[in-house]
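Novice: Just so it is clear, I am handing over data.cif, which has mmCIF, C-alpha atoms.
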data_structure
loop_
_atom_site.label_atom_id
_atom_site.label_comp_id
_atom_site.auth_asym_id
_atom_site.auth_seq_id
_atom_site.Cartn_x
_atom_site.Cartn_y
_atom_site.Cartn_z
CA LYS A 194 -26.78 -32.16 -13.39
CA LYS A 195 -24.01 -29.81 -12.25
CA MET A 196 -23.48 -29.28 -8.57
CA SER A 197 -23.60 -25.79 -7.17
CA SER A 198 -20.88 -24.60 -4.86
CA SER A 199 -23.27 -24.65 -1.88
CA GLU A 200 -23.97 -28.41 -2.17
CA ASP A 201 -20.36 -29.32 -3.01
CA PRO A 202 -19.01 -32.04 -0.66
CA VAL A 203 -15.41 -30.95 -1.35
CA ASP A 204 -13.96 -28.40 1.05
CA SER A 205 -12.69 -25.73 -1.33
CA ALA A 206 -10.38 -24.16 1.26
CA LYS A 207 -8.60 -27.51 1.62
CA TYR A 208 -7.84 -27.81 -2.11
CA TYR A 209 -7.54 -24.24 -3.33
CA GLY A 210 -6.74 -21.97 -0.42
CA ASP A 211 -8.97 -19.49 1.31
CA ASN A 212 -9.34 -16.91 -1.48
CA SER A 213 -10.06 -19.11 -4.51
CA LYS A 214 -13.11 -20.47 -6.29
CA GLN A 215 -14.12 -24.05 -6.94
CA LEU A 216 -13.39 -25.14 -10.51
CA PHE A 217 -14.93 -28.16 -12.23
CA LEU A 218 -13.90 -30.15 -15.25
CA PRO A 219 -16.50 -32.02 -17.31
CA PHE A 220 -16.07 -35.00 -14.96
CA TYR A 221 -16.44 -32.82 -11.88
CA ARG A 222 -12.90 -33.38 -10.68
CA PRO A 223 -11.53 -30.42 -8.75
CA ILE A 224 -8.44 -28.66 -10.05
CA ARG A 225 -5.83 -27.73 -7.51
CA LEU A 226 -4.55 -24.23 -8.16
CA PRO A 227 -0.92 -23.35 -7.48
CA PRO A 228 -0.23 -21.85 -4.07
CA GLY A 229 -0.48 -18.11 -3.68
CA PRO A 230 2.44 -15.86 -2.78
CA SER A 231 1.59 -16.05 0.92
CA GLU A 232 1.70 -19.87 0.89
CA VAL A 233 5.31 -20.99 0.47
CA PRO A 234 5.49 -24.71 -0.30
CA ILE A 235 8.18 -26.75 1.40
CA ILE A 236 9.60 -28.99 -1.28
CA PRO A 237 12.12 -31.59 -0.08
CA SER A 238 14.07 -31.38 -3.33
CA LEU A 239 14.77 -27.68 -2.71
CA VAL A 240 16.37 -28.54 0.61
CA ALA A 241 18.30 -31.47 -0.87
CA GLU A 242 19.64 -29.36 -3.75
CA ALA A 243 20.84 -26.50 -1.58
CA CYS A 244 24.60 -26.10 -1.53
CA GLY A 245 24.70 -25.96 2.27
CA THR A 246 22.95 -29.32 2.51
CA LYS A 247 25.37 -30.84 0.00
CA ILE A 248 28.34 -29.54 1.97
CA ILE A 249 27.04 -30.88 5.29
CA THR A 250 26.01 -34.29 3.94
CA GLY A 251 29.27 -34.61 1.99
CA GLY A 252 31.28 -33.82 5.11
CA ILE A 253 29.36 -36.31 7.23
CA MET A 254 29.50 -39.08 4.62
CA GLY A 255 33.19 -38.45 4.01
CA SER A 256 33.89 -38.60 7.74
CA VAL A 257 32.06 -41.92 8.05
CA LEU A 258 34.07 -43.29 5.13
CA GLY A 259 37.25 -41.98 6.75
CA ILE A 260 36.44 -43.70 10.04
CA GLY A 261 35.93 -46.98 8.18
CA LEU A 262 39.22 -46.63 6.32
CA GLY A 263 41.00 -45.63 9.53
CA VAL A 264 39.74 -48.74 11.32
CA PHE A 265 40.83 -50.89 8.37
CA MET A 266 44.28 -49.28 8.17
CA GLY A 267 44.68 -49.42 11.95
CA ALA A 268 43.89 -53.12 11.92
CA MET A 269 46.48 -53.67 9.18
CA GLY A 270 49.20 -51.79 11.02
CA ASP A 271 51.71 -53.52 13.28
CA VAL A 272 51.42 -51.84 16.68
CA SER A 273 53.92 -54.00 18.56
CA PRO A 274 57.00 -54.55 16.43
CA ILE A 275 59.89 -56.61 17.75
CA GLN A 276 62.32 -54.20 19.38
CA VAL A 277 66.04 -54.85 19.44
CA VAL A 278 68.23 -52.99 21.92
CA GLN A 279 72.02 -53.56 21.92
CA GLY A 280 71.66 -56.70 19.83
CA ARG A 281 69.08 -58.30 22.14
CA GLU A 282 65.37 -58.71 21.59
CA VAL A 283 63.27 -56.85 24.16
CA PRO A 284 60.40 -58.93 25.57
CA GLN A 285 56.91 -57.95 24.42
CA SER A 286 54.62 -55.99 26.66
CA PRO A 287 51.59 -57.68 28.27
CA LEU A 288 48.48 -58.33 26.15
CA ARG A 289 46.51 -55.58 27.87
CA GLU A 290 49.15 -52.99 26.96
CA GLN A 291 49.29 -54.28 23.39
CA LEU A 292 45.51 -54.01 23.05
CA ARG A 293 45.52 -50.50 24.54
CA ALA A 294 48.25 -49.41 22.11
CA ALA A 295 46.39 -50.98 19.17
CA PHE A 296 43.15 -49.22 20.14
CA LYS A 297 44.89 -45.84 20.51
CA SER A 298 46.65 -46.27 17.17
CA THR A 299 43.45 -47.30 15.40
CA ALA A 300 41.45 -44.46 16.98
CA SER A 301 44.02 -41.83 16.01
CA LYS A 302 44.21 -43.15 12.44
CA SER A 303 40.41 -43.23 12.21
CA MET A 304 40.07 -39.63 13.39
CA GLY A 305 42.78 -38.47 11.00
CA TRP A 306 41.19 -40.22 8.02
CA ALA A 307 37.73 -38.98 9.05
CA LYS A 308 38.94 -35.38 9.22
CA ASN A 309 40.72 -35.56 5.87
CA PHE A 310 37.89 -37.30 3.99
CA GLY A 311 35.26 -35.07 5.61
CA ILE A 312 37.04 -31.89 4.56
CA MET A 313 37.76 -33.21 1.07
CA THR A 314 34.19 -34.35 0.34
CA ALA A 315 32.62 -31.22 1.82
CA LEU A 316 34.95 -29.03 -0.25
CA PHE A 317 34.33 -31.03 -3.42
CA GLY A 318 30.54 -31.09 -2.98
CA GLY A 319 30.37 -27.38 -2.16
CA ILE A 320 32.53 -26.26 -5.07
CA GLU A 321 30.70 -28.55 -7.48
CA CYS A 322 27.33 -27.18 -6.32
CA VAL A 323 28.45 -23.56 -6.73
CA VAL A 324 29.95 -24.27 -10.16
CA GLU A 325 26.78 -26.06 -11.27
CA LYS A 326 24.57 -23.18 -10.09
CA PHE A 327 26.87 -20.60 -11.73
CA ARG A 328 27.07 -22.43 -15.08
CA ALA A 329 23.41 -23.55 -14.98
CA LYS A 330 24.48 -26.85 -16.55
CA HIS A 331 24.78 -30.40 -15.26
CA ASP A 332 27.59 -31.98 -17.25
CA VAL A 333 31.01 -33.59 -16.91
CA TRP A 334 32.80 -30.24 -16.56
CA ASN A 335 31.35 -29.47 -13.13
CA PRO A 336 33.13 -32.29 -11.26
CA MET A 337 36.30 -31.65 -13.26
CA ILE A 338 36.36 -27.98 -12.28
CA SER A 339 35.55 -28.90 -8.70
CA GLY A 340 38.22 -31.60 -8.65
CA CYS A 341 40.79 -29.17 -9.99
CA ALA A 342 39.91 -26.60 -7.33
CA VAL A 343 39.99 -29.17 -4.51
CA GLY A 344 43.26 -30.71 -5.70
CA ALA A 345 44.91 -27.32 -6.00
CA THR A 346 43.62 -26.26 -2.59
CA LEU A 347 44.81 -29.40 -0.82
CA ALA A 348 48.24 -29.27 -2.46
CA ALA A 349 48.71 -25.49 -2.12
CA LYS A 350 51.18 -25.84 0.78
CA GLY A 351 53.65 -27.52 -1.59
CA GLY A 352 53.83 -24.51 -3.90
CA PRO A 353 52.50 -23.72 -7.37
CA SER A 354 53.82 -26.85 -9.06
CA ALA A 355 52.25 -29.10 -6.42
CA ALA A 356 48.98 -27.18 -6.76
CA CYS A 357 49.02 -27.75 -10.54
CA ILE A 358 49.72 -31.45 -10.09
CA GLY A 359 46.94 -31.69 -7.50
CA CYS A 360 44.57 -29.87 -9.85
CA VAL A 361 45.30 -32.19 -12.77
CA GLY A 362 45.23 -35.30 -10.56
CA PHE A 363 41.89 -34.57 -8.92
CA ALA A 364 40.30 -33.36 -12.16
CA GLY A 365 41.45 -36.51 -13.95
CA PHE A 366 40.20 -38.71 -11.13
CA SER A 367 36.84 -36.88 -11.21
CA LEU A 368 36.61 -37.46 -14.96
CA VAL A 369 37.38 -41.17 -14.61
CA VAL A 370 34.83 -41.61 -11.81
CA ASP A 371 32.22 -39.66 -13.77
CA LYS A 372 32.78 -41.82 -16.88
CA ILE A 373 32.64 -45.06 -14.85
CA MET A 374 29.53 -44.07 -12.88
CA GLY A 375 27.72 -42.73 -15.94
CA PRO A 376 25.36 -39.78 -16.10
CA HIS A 377 23.89 -38.84 -12.75
#
Could you express the structure from this file as structure tokens?
Specialist:
Amino acid sequence: KKMSSSEDPVDSAKYYGDNSKQLFLPFYRPIRLPPGPSEVPIIPSLVAEACGTKIITGGIMGSVLGIGLGVFMGAMGDVSPIQVVQGREVPQSPLREQLRAAFKSTASKSMGWAKNFGIMTALFGGIECVVEKFRAKHDVWNPMISGCAVGATLAAKGGPSAACIGCVGFAGFSLVVDKIMGPH
């Protein structure tokens, strides 16, 4: 026996929207119709694939990586070298001053690395996203084109030859990373 729409326990507005009818398959399972033009679905993948989101997340992740590398490089650096003045060794400063100098050195290196990596990853992610949307393809050429553009941009202060070397270097590095990481 088929159920009529008046005795249907399923709320049709919940499944189909306000202006649609109840549909039944032979097993009486309701079909969910696609949303109408007034109902815009929020799909998380649309937000994640937006170029602005890729730029922001790339910048944040690059900055975090830069902070980590800055702390590592700051810890490896020698902040209190032995100083020699007029052939005599100058006594070292107290431990508190040495620790303060080490902290300042590590903090400045961390902020420098964070800024550089943040800018580089945001630029790379943004250019790659725009290139991918423009070409409408997801292949190995997108990171190579993006790497070339980023390398040329970062080395532009050194002149045209430095920009070309930066372009080739970053594009080659992008190709190697893409081949090692595999298809994504």
Novice: Show me, as a list in words, the residues that have an atom within 12 Å of A:Thr246 when counting only C-alpha atoms, minus same-chain residues fewer than 5 positions from it.
Specialist: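 Residues near the query, excluding close chain neighbours: Pro237, Ser238, Leu239, Val240, Ala241, Gly251, Gly252, Ile253, Met254, Ala315, Gly318, Gly319 and Cys322 of chain A.
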Novice: List the neighbours of A:Ser301 out to 10 Å using only C-alpha atoms; skip same-chain residues closer than 3 positions along the sequence, and give me the result as a PyMOL selection string.
Specialist: chain A and resi 260+263-264+267+295-298+304-307
Novice: Using the selection just defined, write its residues with C-alpha atoms as a CSV table (one decimal), in the coordinates of the input.
Specialist:
chain,number,residue,atom,x,y,z
A,260,ILE,CA,36.4,-43.7,10.0
A,263,GLY,CA,41.0,-45.6,9.5
A,264,VAL,CA,39.7,-48.7,11.3
A,267,GLY,CA,44.7,-49.4,12.0
A,295,ALA,CA,46.4,-51.0,19.2
A,296,PHE,CA,43.2,-49.2,20.1
A,297,LYS,CA,44.9,-45.8,20.5
A,298,SER,CA,46.6,-46.3,17.2
A,304,MET,CA,40.1,-39.6,13.4
A,305,GLY,CA,42.8,-38.5,11.0
A,306,TRP,CA,41.2,-40.2,8.0
A,307,ALA,CA,37.7,-39.0,9.0
Novice: Any idea what the distance is between atom CA of A:Lys308 and atom CA of A:Gly261?
Specialist: 12.0 Å
Novice: Running the PyMOL selection byres ((chain A and resi 323) around 12) on this model by hand, what would come out? Give it as a VMD selection string.
Specialist: chain A and resid 242 to 245 247 to 248 316 to 322 324 to 331 335 to 336 338 to 339 342
Novice: Selected by the PyMOL selection byres ((chain A and resi 367) around 12) in the shown coordinates: which residues, as an MDAnalysis selection string?
Specialist: chainID A and resid 317:318 321 333:344 359:366 368:375
Novice: Could you please determine the separation between atom CA of A:Met266 and atom CA of A:Ser303 in Å, to one decimal place?
Specialist: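 Between these atoms lies a distance of 8.2 Å.
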Novice: Rounded to one decimal place, report the atom CA of A:Glu290-atom CA of A:Ala268 distance in Å.
Specialist: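 Going from atom CA of A:Glu290 over to atom CA of A:Ala268 covers 15.9 Å.
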Novice: With all atoms listed in the file as the basis for distance, which of A:Gln291, A:Gln279, A:Ser231, A:Ser256 is at the shortest distance from A:Phe310?
Specialist: A:Ser256
Novice: Go through A:Ile249, A:Leu258, A:Ala294, A:Leu226 one by one, measure the shortest atom-to-atom distance of each to A:Gly270 using all atoms listed in the file, and give the residue with the smallest value.
Specialist: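 Looking only at the distances to A:Gly270, the closest residue turns out to be A:Ala294.
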Novice: Given the block above, output stretch 316-343 of chain A with N, CA and C atoms as an mmCIF file, in the first residue's frame.
Specialist:
data_model
loop_
_atom_site.group_PDB
_atom_site.id
_atom_site.type_symbol
_atom_site.label_atom_id
_atom_site.label_comp_id
_atom_site.auth_asym_id
_atom_site.auth_seq_id
_atom_site.Cartn_x
_atom_site.Cartn_y
_atom_site.Cartn_z
ATOM 1 N N LEU A 316 53.103 33.514 -1.230
ATOM 2 C CA LEU A 316 53.280 33.859 -2.637
ATOM 3 C C LEU A 316 53.204 32.626 -3.524
ATOM 4 N N PHE A 317 53.869 31.556 -3.113
ATOM 5 C CA PHE A 317 53.850 30.327 -3.904
ATOM 6 C C PHE A 317 52.442 29.754 -3.986
ATOM 7 N N GLY A 318 51.761 29.646 -2.844
ATOM 8 C CA GLY A 318 50.408 29.085 -2.829
ATOM 9 C C GLY A 318 49.429 29.924 -3.632
ATOM 10 N N GLY A 319 49.533 31.244 -3.526
ATOM 11 C CA GLY A 319 48.628 32.117 -4.270
ATOM 12 C C GLY A 319 48.841 32.042 -5.769
ATOM 13 N N ILE A 320 50.098 32.083 -6.191
ATOM 14 C CA ILE A 320 50.381 32.011 -7.631
ATOM 15 C C ILE A 320 49.996 30.645 -8.182
ATOM 16 N N GLU A 321 50.278 29.582 -7.434
ATOM 17 C CA GLU A 321 49.906 28.251 -7.908
ATOM 18 C C GLU A 321 48.394 28.117 -8.037
ATOM 19 N N CYS A 322 47.655 28.678 -7.099
ATOM 20 C CA CYS A 322 46.187 28.608 -7.156
ATOM 21 C C CYS A 322 45.654 29.371 -8.368
ATOM 22 N N VAL A 323 46.182 30.555 -8.609
ATOM 23 C CA VAL A 323 45.726 31.349 -9.759
ATOM 24 C C VAL A 323 46.084 30.654 -11.071
ATOM 25 N N VAL A 324 47.287 30.090 -11.153
ATOM 26 C CA VAL A 324 47.695 29.376 -12.366
ATOM 27 C C VAL A 324 46.809 28.156 -12.590
ATOM 28 N N GLU A 325 46.518 27.427 -11.516
ATOM 29 C CA GLU A 325 45.676 26.235 -11.641
ATOM 30 C C GLU A 325 44.258 26.601 -12.082
ATOM 31 N N LYS A 326 43.720 27.687 -11.538
ATOM 32 C CA LYS A 326 42.370 28.118 -11.948
ATOM 33 C C LYS A 326 42.378 28.614 -13.393
ATOM 34 N N PHE A 327 43.440 29.312 -13.794
ATOM 35 C CA PHE A 327 43.524 29.842 -15.156
ATOM 36 C C PHE A 327 43.663 28.719 -16.178
ATOM 37 N N ARG A 328 44.545 27.742 -15.876
ATOM 38 C CA ARG A 328 44.780 26.638 -16.816
ATOM 39 C C ARG A 328 43.701 25.569 -16.741
ATOM 40 N N ALA A 329 42.974 25.509 -15.646
ATOM 41 C CA ALA A 329 41.930 24.490 -15.422
ATOM 42 C C ALA A 329 42.512 23.077 -15.504
ATOM 43 N N LYS A 330 43.742 22.940 -15.026
ATOM 44 C CA LYS A 330 44.418 21.642 -14.979
ATOM 45 C C LYS A 330 45.162 21.533 -13.665
ATOM 46 N N HIS A 331 45.297 20.307 -13.190
ATOM 47 C CA HIS A 331 46.046 20.032 -11.963
ATOM 48 C C HIS A 331 47.177 19.080 -12.319
ATOM 49 N N ASP A 332 48.310 19.647 -12.729
ATOM 50 C CA ASP A 332 49.429 18.815 -13.158
ATOM 51 C C ASP A 332 50.734 19.394 -12.635
ATOM 52 N N VAL A 333 51.846 18.836 -13.098
ATOM 53 C CA VAL A 333 53.163 19.208 -12.593
ATOM 54 C C VAL A 333 53.586 20.619 -13.039
ATOM 55 N N TRP A 334 52.967 21.154 -14.066
ATOM 56 C CA TRP A 334 53.358 22.464 -14.562
ATOM 57 C C TRP A 334 52.928 23.596 -13.625
ATOM 58 N N ASN A 335 51.863 23.420 -12.889
ATOM 59 C CA ASN A 335 51.399 24.492 -12.007
ATOM 60 C C ASN A 335 52.431 24.863 -10.950
ATOM 61 N N PRO A 336 52.986 23.902 -10.177
ATOM 62 C CA PRO A 336 54.012 24.303 -9.215
ATOM 63 C C PRO A 336 55.300 24.790 -9.879
ATOM 64 N N MET A 337 55.599 24.297 -11.078
ATOM 65 C CA MET A 337 56.804 24.788 -11.762
ATOM 66 C C MET A 337 56.642 26.251 -12.175
ATOM 67 N N ILE A 338 55.479 26.590 -12.715
ATOM 68 C CA ILE A 338 55.230 27.980 -13.107
ATOM 69 C C ILE A 338 55.229 28.872 -11.872
ATOM 70 N N SER A 339 54.591 28.386 -10.808
ATOM 71 C CA SER A 339 54.550 29.150 -9.565
ATOM 72 C C SER A 339 55.949 29.307 -8.969
ATOM 73 N N GLY A 340 56.723 28.229 -8.977
ATOM 74 C CA GLY A 340 58.090 28.309 -8.470
ATOM 75 C C GLY A 340 58.939 29.278 -9.259
ATOM 76 N N CYS A 341 58.775 29.278 -10.566
ATOM 77 C CA CYS A 341 59.519 30.219 -11.405
ATOM 78 C C CYS A 341 59.146 31.654 -11.057
ATOM 79 N N ALA A 342 57.855 31.914 -10.909
ATOM 80 C CA ALA A 342 57.406 33.274 -10.593
ATOM 81 C C ALA A 342 57.897 33.720 -9.217
ATOM 82 N N VAL A 343 57.831 32.829 -8.233
ATOM 83 C CA VAL A 343 58.288 33.174 -6.884
ATOM 84 C C VAL A 343 59.798 33.382 -6.866
#
